[in-house]
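See structure below.
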Amino acid sequence: PSNRQYNMKFFTVLVNTNLALITLLGKQTLTVADERHFVRRATESSASSPNFITHFPEFLEVIGDNPKFSVLAETDAHEGPVYVESENSVYFVTGPRPSNVPIFNGITSSVNKLNLDDLTVSTVIENCNNCNGMSSGGDNRLLIGEQGSMSEDARISSYNIRNGRTTTVVDNFRGLPFNSLNDVVTKSDGTIWFTDPSYGFNQGFRAAPLLGEYVYRYDPETEEITVVADSFNMPNGLAFSPDESLLYINDSGAIQEGASDFDIRRPHHIKVFDVINNRSLANERLFALITPGIPDGIKVDTEGRVYSSSQGNLQVFDTDGRLIGEIVPPTPSVTNFVFGGPDNNILYIVDDTAVYSAEIAAVGAV
């Protein structure tokens, strides 16, 4: 069945439960008759807005009364979107493509920029060392997770959008080269947290790993780098809760080489940890299972709700890990996304074929 058919079936089951009363958003108590009326409105909302699927009433608080979905540009947009308010632009990474630069072993990626004022796309870094995840580093900088190649090390680099200069932030752990750095975020204290799966080796453009599939914390002030998690098959996207007491980390191990080798028995979930003393992680537990496909991009809004990409739609979870709704692009395969816009309530979404926007009521935490 379609997502819409599933949505209607789900709410029908909800209405036919033996609960006499339900509480909606902790503010209002409804009778079962009232809930039937609400279910009809929620289903109609999904039907009239095919880009938004409501599984639970709380999702209507996420999208608001008038959510808007738009196709901004049809372009190769694969990973790492970052919104830059001062330019009103979105930077993103293209998918791997053939390259005639020898050090990149025949493939590379670029960093491109979408100008949101005139919707033009330009290239700012032609060959970015098979880069993948990006995030804002403050002070007009992008932090870039470069996967590396057979001849170039993986590293976290800093790109200055004003002068075009790129510098190395960190490129090794105790003298050992990273595998193929994936995603990167900056905590409010300035420390940089990032993931390092071995996709580069599995996909043939990096040497055999000398390190495990680790999650790291790097302190630019002291240059100290530590492993904060070592329990992942393929650590991927990561995001802090609004108060930074929790860290959510995706494991995309169900895919080892590419989409064609997906194995349902391998990890495709989000884990959550408590952040201890701003420098270590504890109390690992499962937050949510992602299906179809794997989690990649992940973000959190100011209310602590968690947003994750999937092989289908952009999925939205409440703080208990319950899937409350989905945002649906024309091509159902979200790779990554970012909050942005003047009020930080627009999701800029990439799916390898285009950049989309979803204007909602919820506001991004970062």
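Residue numbers start at 1 in each chain; chains themselves are named A, B, ... in the order of the structure tokens; ligands are numbered from 1 in the order shown.
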- Item | strand (DSSP E) residues, from DSSP on the backbone, in segment 170-230 of chain A, as a ChimeraX atom specification | /A:170,172-173,176-177,184-186,192-196,214-219,224-229
Dump N, CA and C atoms for the selected residues as a PDB file, in the first residue's frame?
```pdb
ATOM      1  N   VAL A 170      42.352  18.359  11.317  1.00  0.00           N
ATOM      2  CA  VAL A 170      42.941  17.150  11.894  1.00  0.00           C
ATOM      3  C   VAL A 170      42.962  16.071  10.817  1.00  0.00           C
ATOM      4  N   ASN A 172      44.810  12.754  11.477  1.00  0.00           N
ATOM      5  CA  ASN A 172      45.291  11.458  11.956  1.00  0.00           C
ATOM      6  C   ASN A 172      44.906  11.264  13.414  1.00  0.00           C
ATOM      7  N   PHE A 173      44.959  10.030  13.856  1.00  0.00           N
ATOM      8  CA  PHE A 173      44.777   9.698  15.264  1.00  0.00           C
ATOM      9  C   PHE A 173      46.043   9.001  15.740  1.00  0.00           C
ATOM     10  N   LEU A 176      48.162   7.562  13.008  1.00  0.00           N
ATOM     11  CA  LEU A 176      47.523   6.635  12.075  1.00  0.00           C
ATOM     12  C   LEU A 176      46.501   7.385  11.225  1.00  0.00           C
ATOM     13  N   PRO A 177      46.455   7.103   9.924  1.00  0.00           N
ATOM     14  CA  PRO A 177      45.507   7.808   9.053  1.00  0.00           C
ATOM     15  C   PRO A 177      44.070   7.383   9.325  1.00  0.00           C
ATOM     16  N   VAL A 184      30.509  15.526  10.445  1.00  0.00           N
ATOM     17  CA  VAL A 184      31.205  16.353  11.429  1.00  0.00           C
ATOM     18  C   VAL A 184      30.250  17.401  11.988  1.00  0.00           C
ATOM     19  N   VAL A 185      30.310  17.620  13.311  1.00  0.00           N
ATOM     20  CA  VAL A 185      29.528  18.670  13.955  1.00  0.00           C
ATOM     21  C   VAL A 185      30.410  19.387  14.968  1.00  0.00           C
ATOM     22  N   THR A 186      30.055  20.628  15.262  1.00  0.00           N
ATOM     23  CA  THR A 186      30.775  21.412  16.260  1.00  0.00           C
ATOM     24  C   THR A 186      29.879  21.661  17.461  1.00  0.00           C
ATOM     25  N   ILE A 192      35.085  19.562  18.156  1.00  0.00           N
ATOM     26  CA  ILE A 192      34.600  19.015  16.888  1.00  0.00           C
ATOM     27  C   ILE A 192      34.423  17.516  17.043  1.00  0.00           C
ATOM     28  N   TRP A 193      33.244  17.018  16.727  1.00  0.00           N
ATOM     29  CA  TRP A 193      32.912  15.600  16.868  1.00  0.00           C
ATOM     30  C   TRP A 193      32.646  15.048  15.472  1.00  0.00           C
ATOM     31  N   PHE A 194      33.204  13.871  15.156  1.00  0.00           N
ATOM     32  CA  PHE A 194      33.070  13.367  13.795  1.00  0.00           C
ATOM     33  C   PHE A 194      33.126  11.847  13.748  1.00  0.00           C
ATOM     34  N   THR A 195      32.643  11.298  12.622  1.00  0.00           N
ATOM     35  CA  THR A 195      32.574   9.848  12.443  1.00  0.00           C
ATOM     36  C   THR A 195      33.546   9.411  11.344  1.00  0.00           C
ATOM     37  N   ASP A 196      34.025   8.156  11.470  1.00  0.00           N
ATOM     38  CA  ASP A 196      35.041   7.666  10.532  1.00  0.00           C
ATOM     39  C   ASP A 196      34.796   6.203  10.159  1.00  0.00           C
ATOM     40  N   TYR A 214      35.333   4.355  14.309  1.00  0.00           N
ATOM     41  CA  TYR A 214      35.230   5.129  15.538  1.00  0.00           C
ATOM     42  C   TYR A 214      34.490   6.457  15.363  1.00  0.00           C
ATOM     43  N   VAL A 215      34.040   6.968  16.503  1.00  0.00           N
ATOM     44  CA  VAL A 215      33.528   8.327  16.609  1.00  0.00           C
ATOM     45  C   VAL A 215      34.525   9.098  17.466  1.00  0.00           C
ATOM     46  N   TYR A 216      34.903  10.304  17.021  1.00  0.00           N
ATOM     47  CA  TYR A 216      35.967  11.060  17.665  1.00  0.00           C
ATOM     48  C   TYR A 216      35.495  12.407  18.194  1.00  0.00           C
ATOM     49  N   ARG A 217      36.246  12.901  19.171  1.00  0.00           N
ATOM     50  CA  ARG A 217      36.117  14.276  19.662  1.00  0.00           C
ATOM     51  C   ARG A 217      37.484  14.938  19.537  1.00  0.00           C
ATOM     52  N   TYR A 218      37.512  16.119  18.913  1.00  0.00           N
ATOM     53  CA  TYR A 218      38.759  16.855  18.740  1.00  0.00           C
ATOM     54  C   TYR A 218      38.622  18.234  19.352  1.00  0.00           C
ATOM     55  N   ASP A 219      39.596  18.616  20.174  1.00  0.00           N
ATOM     56  CA  ASP A 219      39.607  19.916  20.811  1.00  0.00           C
ATOM     57  C   ASP A 219      40.654  20.792  20.123  1.00  0.00           C
ATOM     58  N   GLU A 224      43.865  17.913  21.402  1.00  0.00           N
ATOM     59  CA  GLU A 224      43.620  16.567  21.916  1.00  0.00           C
ATOM     60  C   GLU A 224      42.523  15.899  21.097  1.00  0.00           C
ATOM     61  N   ILE A 225      42.768  14.658  20.705  1.00  0.00           N
ATOM     62  CA  ILE A 225      41.759  13.876  19.987  1.00  0.00           C
ATOM     63  C   ILE A 225      41.525  12.578  20.732  1.00  0.00           C
ATOM     64  N   THR A 226      40.258  12.243  20.949  1.00  0.00           N
ATOM     65  CA  THR A 226      39.905  11.035  21.689  1.00  0.00           C
ATOM     66  C   THR A 226      38.820  10.259  20.961  1.00  0.00           C
ATOM     67  N   VAL A 227      38.821   8.953  21.143  1.00  0.00           N
ATOM     68  CA  VAL A 227      37.742   8.098  20.658  1.00  0.00           C
ATOM     69  C   VAL A 227      36.633   8.128  21.700  1.00  0.00           C
ATOM     70  N   VAL A 228      35.428   8.494  21.285  1.00  0.00           N
ATOM     71  CA  VAL A 228      34.315   8.571  22.228  1.00  0.00           C
ATOM     72  C   VAL A 228      33.321   7.420  22.064  1.00  0.00           C
ATOM     73  N   ALA A 229      33.392   6.704  20.931  1.00  0.00           N
ATOM     74  CA  ALA A 229      32.526   5.539  20.727  1.00  0.00           C
ATOM     75  C   ALA A 229      33.203   4.581  19.761  1.00  0.00           C
TER      76      ALA A 229
END
```
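The shortest atom-to-atom distance to Glu244 of chain A, with only C-alpha atoms taken into account, belongs to A:Val366 out of A:Val111, A:Leu119, A:Val366, A:Ala354.
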So which bits of segment 63-195 of chain A end up helix (DSSP H, G or I) when you DSSP the backbone, as a PDB file with N, CA, C and O atoms, in the first residue's frame?
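Done, and the output landed in out_29.pdb:
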```pdb
ATOM      1  N   ILE A  63       4.746  20.665  11.406  1.00  0.00           N
ATOM      2  CA  ILE A  63       4.591  21.284  10.083  1.00  0.00           C
ATOM      3  C   ILE A  63       3.758  22.562  10.107  1.00  0.00           C
ATOM      4  O   ILE A  63       3.852  23.378   9.188  1.00  0.00           O
ATOM      5  N   PRO A 102      45.045  12.645 -11.253  1.00  0.00           N
ATOM      6  CA  PRO A 102      45.603  11.339 -10.872  1.00  0.00           C
ATOM      7  C   PRO A 102      45.498  11.021  -9.381  1.00  0.00           C
ATOM      8  O   PRO A 102      45.221   9.883  -9.007  1.00  0.00           O
ATOM      9  N   ILE A 103      45.708  12.018  -8.521  1.00  0.00           N
ATOM     10  CA  ILE A 103      45.736  11.701  -7.090  1.00  0.00           C
ATOM     11  C   ILE A 103      44.381  11.276  -6.555  1.00  0.00           C
ATOM     12  O   ILE A 103      44.289  10.716  -5.462  1.00  0.00           O
ATOM     13  N   PHE A 104      43.298  11.511  -7.309  1.00  0.00           N
ATOM     14  CA  PHE A 104      41.975  11.140  -6.840  1.00  0.00           C
ATOM     15  C   PHE A 104      41.517   9.780  -7.369  1.00  0.00           C
ATOM     16  O   PHE A 104      40.348   9.400  -7.225  1.00  0.00           O
TER      17      PHE A 104
END
```
- Message: Using only C-alpha atoms, which protein or nucleic acid residues come within 7 Å of Asn51 of chain A? Drop anything in the same chain fewer than 3 positions from it, and give the result as a list in words.
- Response: Phe69, Ile327, Val328 and Pro329 of chain A
Keeping all heavy atoms for every residue in the selection just given, could you write it to a file as a PDB file, in the first residue's frame?
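The resulting file, part.pdb, is reproduced below:
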```pdb
ATOM      1  N   PHE A  69       6.308  23.021   0.367  1.00  0.00           N
ATOM      2  CA  PHE A  69       7.381  22.204  -0.199  1.00  0.00           C
ATOM      3  C   PHE A  69       7.685  22.700  -1.608  1.00  0.00           C
ATOM      4  O   PHE A  69       6.767  22.916  -2.401  1.00  0.00           O
ATOM      5  CB  PHE A  69       6.987  20.726  -0.244  1.00  0.00           C
ATOM      6  CG  PHE A  69       8.127  19.808  -0.579  1.00  0.00           C
ATOM      7  CD1 PHE A  69       8.877  19.216   0.417  1.00  0.00           C
ATOM      8  CD2 PHE A  69       8.473  19.567  -1.909  1.00  0.00           C
ATOM      9  CE1 PHE A  69       9.947  18.389   0.114  1.00  0.00           C
ATOM     10  CE2 PHE A  69       9.536  18.746  -2.225  1.00  0.00           C
ATOM     11  CZ  PHE A  69      10.281  18.153  -1.212  1.00  0.00           C
ATOM     12  N   ILE A 327       8.401  13.746   5.696  1.00  0.00           N
ATOM     13  CA  ILE A 327       8.403  14.748   4.637  1.00  0.00           C
ATOM     14  C   ILE A 327       8.851  14.059   3.361  1.00  0.00           C
ATOM     15  O   ILE A 327       9.892  13.388   3.333  1.00  0.00           O
ATOM     16  CB  ILE A 327       9.324  15.923   4.997  1.00  0.00           C
ATOM     17  CG1 ILE A 327       8.829  16.579   6.299  1.00  0.00           C
ATOM     18  CG2 ILE A 327       9.363  16.941   3.858  1.00  0.00           C
ATOM     19  CD1 ILE A 327       9.744  17.649   6.843  1.00  0.00           C
ATOM     20  N   VAL A 328       8.059  14.212   2.295  1.00  0.00           N
ATOM     21  CA  VAL A 328       8.186  13.358   1.118  1.00  0.00           C
ATOM     22  C   VAL A 328       8.674  14.165  -0.087  1.00  0.00           C
ATOM     23  O   VAL A 328       7.948  15.013  -0.608  1.00  0.00           O
ATOM     24  CB  VAL A 328       6.825  12.711   0.771  1.00  0.00           C
ATOM     25  CG1 VAL A 328       6.984  11.721  -0.379  1.00  0.00           C
ATOM     26  CG2 VAL A 328       6.225  12.034   1.995  1.00  0.00           C
ATOM     27  N   PRO A 329       9.889  13.912  -0.575  1.00  0.00           N
ATOM     28  CA  PRO A 329      10.341  14.556  -1.810  1.00  0.00           C
ATOM     29  C   PRO A 329       9.781  13.834  -3.029  1.00  0.00           C
ATOM     30  O   PRO A 329       9.281  12.705  -2.910  1.00  0.00           O
ATOM     31  CB  PRO A 329      11.858  14.407  -1.740  1.00  0.00           C
ATOM     32  CG  PRO A 329      12.057  13.127  -0.993  1.00  0.00           C
ATOM     33  CD  PRO A 329      10.925  13.047   0.008  1.00  0.00           C
TER      34      PRO A 329
END
```
- In terms of only C-alpha atoms, the residue from A:Asn130, A:Asn182, A:Ser49, A:Thr191 at minimal distance from Ser149 of chain A is A:Asn130
- Item | Pick from A:Leu246, A:Gly312, A:Arg305, A:Gly297 nearest to Asn283 of chain A, counting only C-alpha atoms |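 Using only C-alpha atoms, the shortest distance to Asn283 of chain A belongs to A:Leu246.
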- Query: Ile324 of chain A: which residues within 9 Å, counting only C-alpha atoms, same-chain residues fewer than 2 positions away excluded, as JSON, numbers by chain?
  - Reply: {"A": [53, 54, 55, 56, 57, 58, 59, 315, 316, 317, 318, 321, 322, 326]}
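Each of A:Glu257, A:Glu223, A:Asp65, A:Asp183 was compared to Gly204 of chain A using only C-alpha atoms, and A:Glu257 turns out to be the nearest.
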- Message: What's around Asn313 of chain A at 12 Å? Count only C-alpha atoms, leave out sequence neighbours fewer than 4 positions away in its own chain, and write the answer as number ranges by chain.
- Response: A: 3, 50-53, 290-297, 307-309, 323, 325-337, 349-351
- Query: From the set A:Glu213, A:Glu221, A:Asp301, A:Asp171, which residue has the shortest atom-to-atom contact distance to Gly190 of chain A, counting only C-alpha atoms?
  - Reply: A:Glu221
Within 9 Å of segment 79-92 of chain A, which residues of segment 127-242 of chain A show up? Give each one with its shortest atom-to-atom distance in Å (one decimal) and the two atoms involved, counting only C-alpha atoms, rows by chain then rising residue number, as a Markdown table.
```
| residue | atom | partner | partner_atom | distance |
| --- | --- | --- | --- | --- |
| A:Cys131 | CA | A:Gly80 | CA | 8.8 |
| A:Asn132 | CA | A:Glu79 | CA | 5.9 |
| A:Gly133 | CA | A:Gly80 | CA | 4.3 |
| A:Met134 | CA | A:Gly80 | CA | 4.5 |
| A:Ser135 | CA | A:Val82 | CA | 5.8 |
| A:Ser136 | CA | A:Val82 | CA | 6.5 |
| A:Asn140 | CA | A:Val84 | CA | 8.2 |
| A:Leu142 | CA | A:Val82 | CA | 8.0 |
| A:Ile144 | CA | A:Gly80 | CA | 8.3 |
| A:Gly145 | CA | A:Gly80 | CA | 9.0 |
| A:Asp183 | CA | A:Gly80 | CA | 7.9 |
```
- Query: Skipping near chain neighbours, those fewer than 4 positions away, what residues fall within 9 Å of Val272 of chain A using only C-alpha atoms, listed as a PyMOL selection string?
  - Reply: chain A and resi 246-250+283-287
Would you save the residues from that selection as a PDB file, in the first residue's frame, using C-alpha atoms?
```pdb
ATOM      1  CA  LEU A 246      22.580  13.842  24.354  1.00  0.00           C
ATOM      2  CA  LEU A 247      24.385  12.824  21.182  1.00  0.00           C
ATOM      3  CA  TYR A 248      22.519  10.946  18.438  1.00  0.00           C
ATOM      4  CA  ILE A 249      24.655   8.876  16.053  1.00  0.00           C
ATOM      5  CA  ASN A 250      23.521   6.957  12.978  1.00  0.00           C
ATOM      6  CA  ASN A 283      24.633   4.870  28.420  1.00  0.00           C
ATOM      7  CA  GLU A 284      24.422   3.834  24.763  1.00  0.00           C
ATOM      8  CA  ARG A 285      20.932   2.767  23.717  1.00  0.00           C
ATOM      9  CA  LEU A 286      18.781   2.323  20.642  1.00  0.00           C
ATOM     10  CA  PHE A 287      16.759   5.407  19.751  1.00  0.00           C
TER      11      PHE A 287
END
```
- Query: Which of these residues is nearest to Thr108 of chain A, using only C-alpha atoms: A:Leu211, A:Val62, A:Met150, A:Val363?
  - Reply: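 Distance minimum relative to Thr108 of chain A lands on A:Met150.
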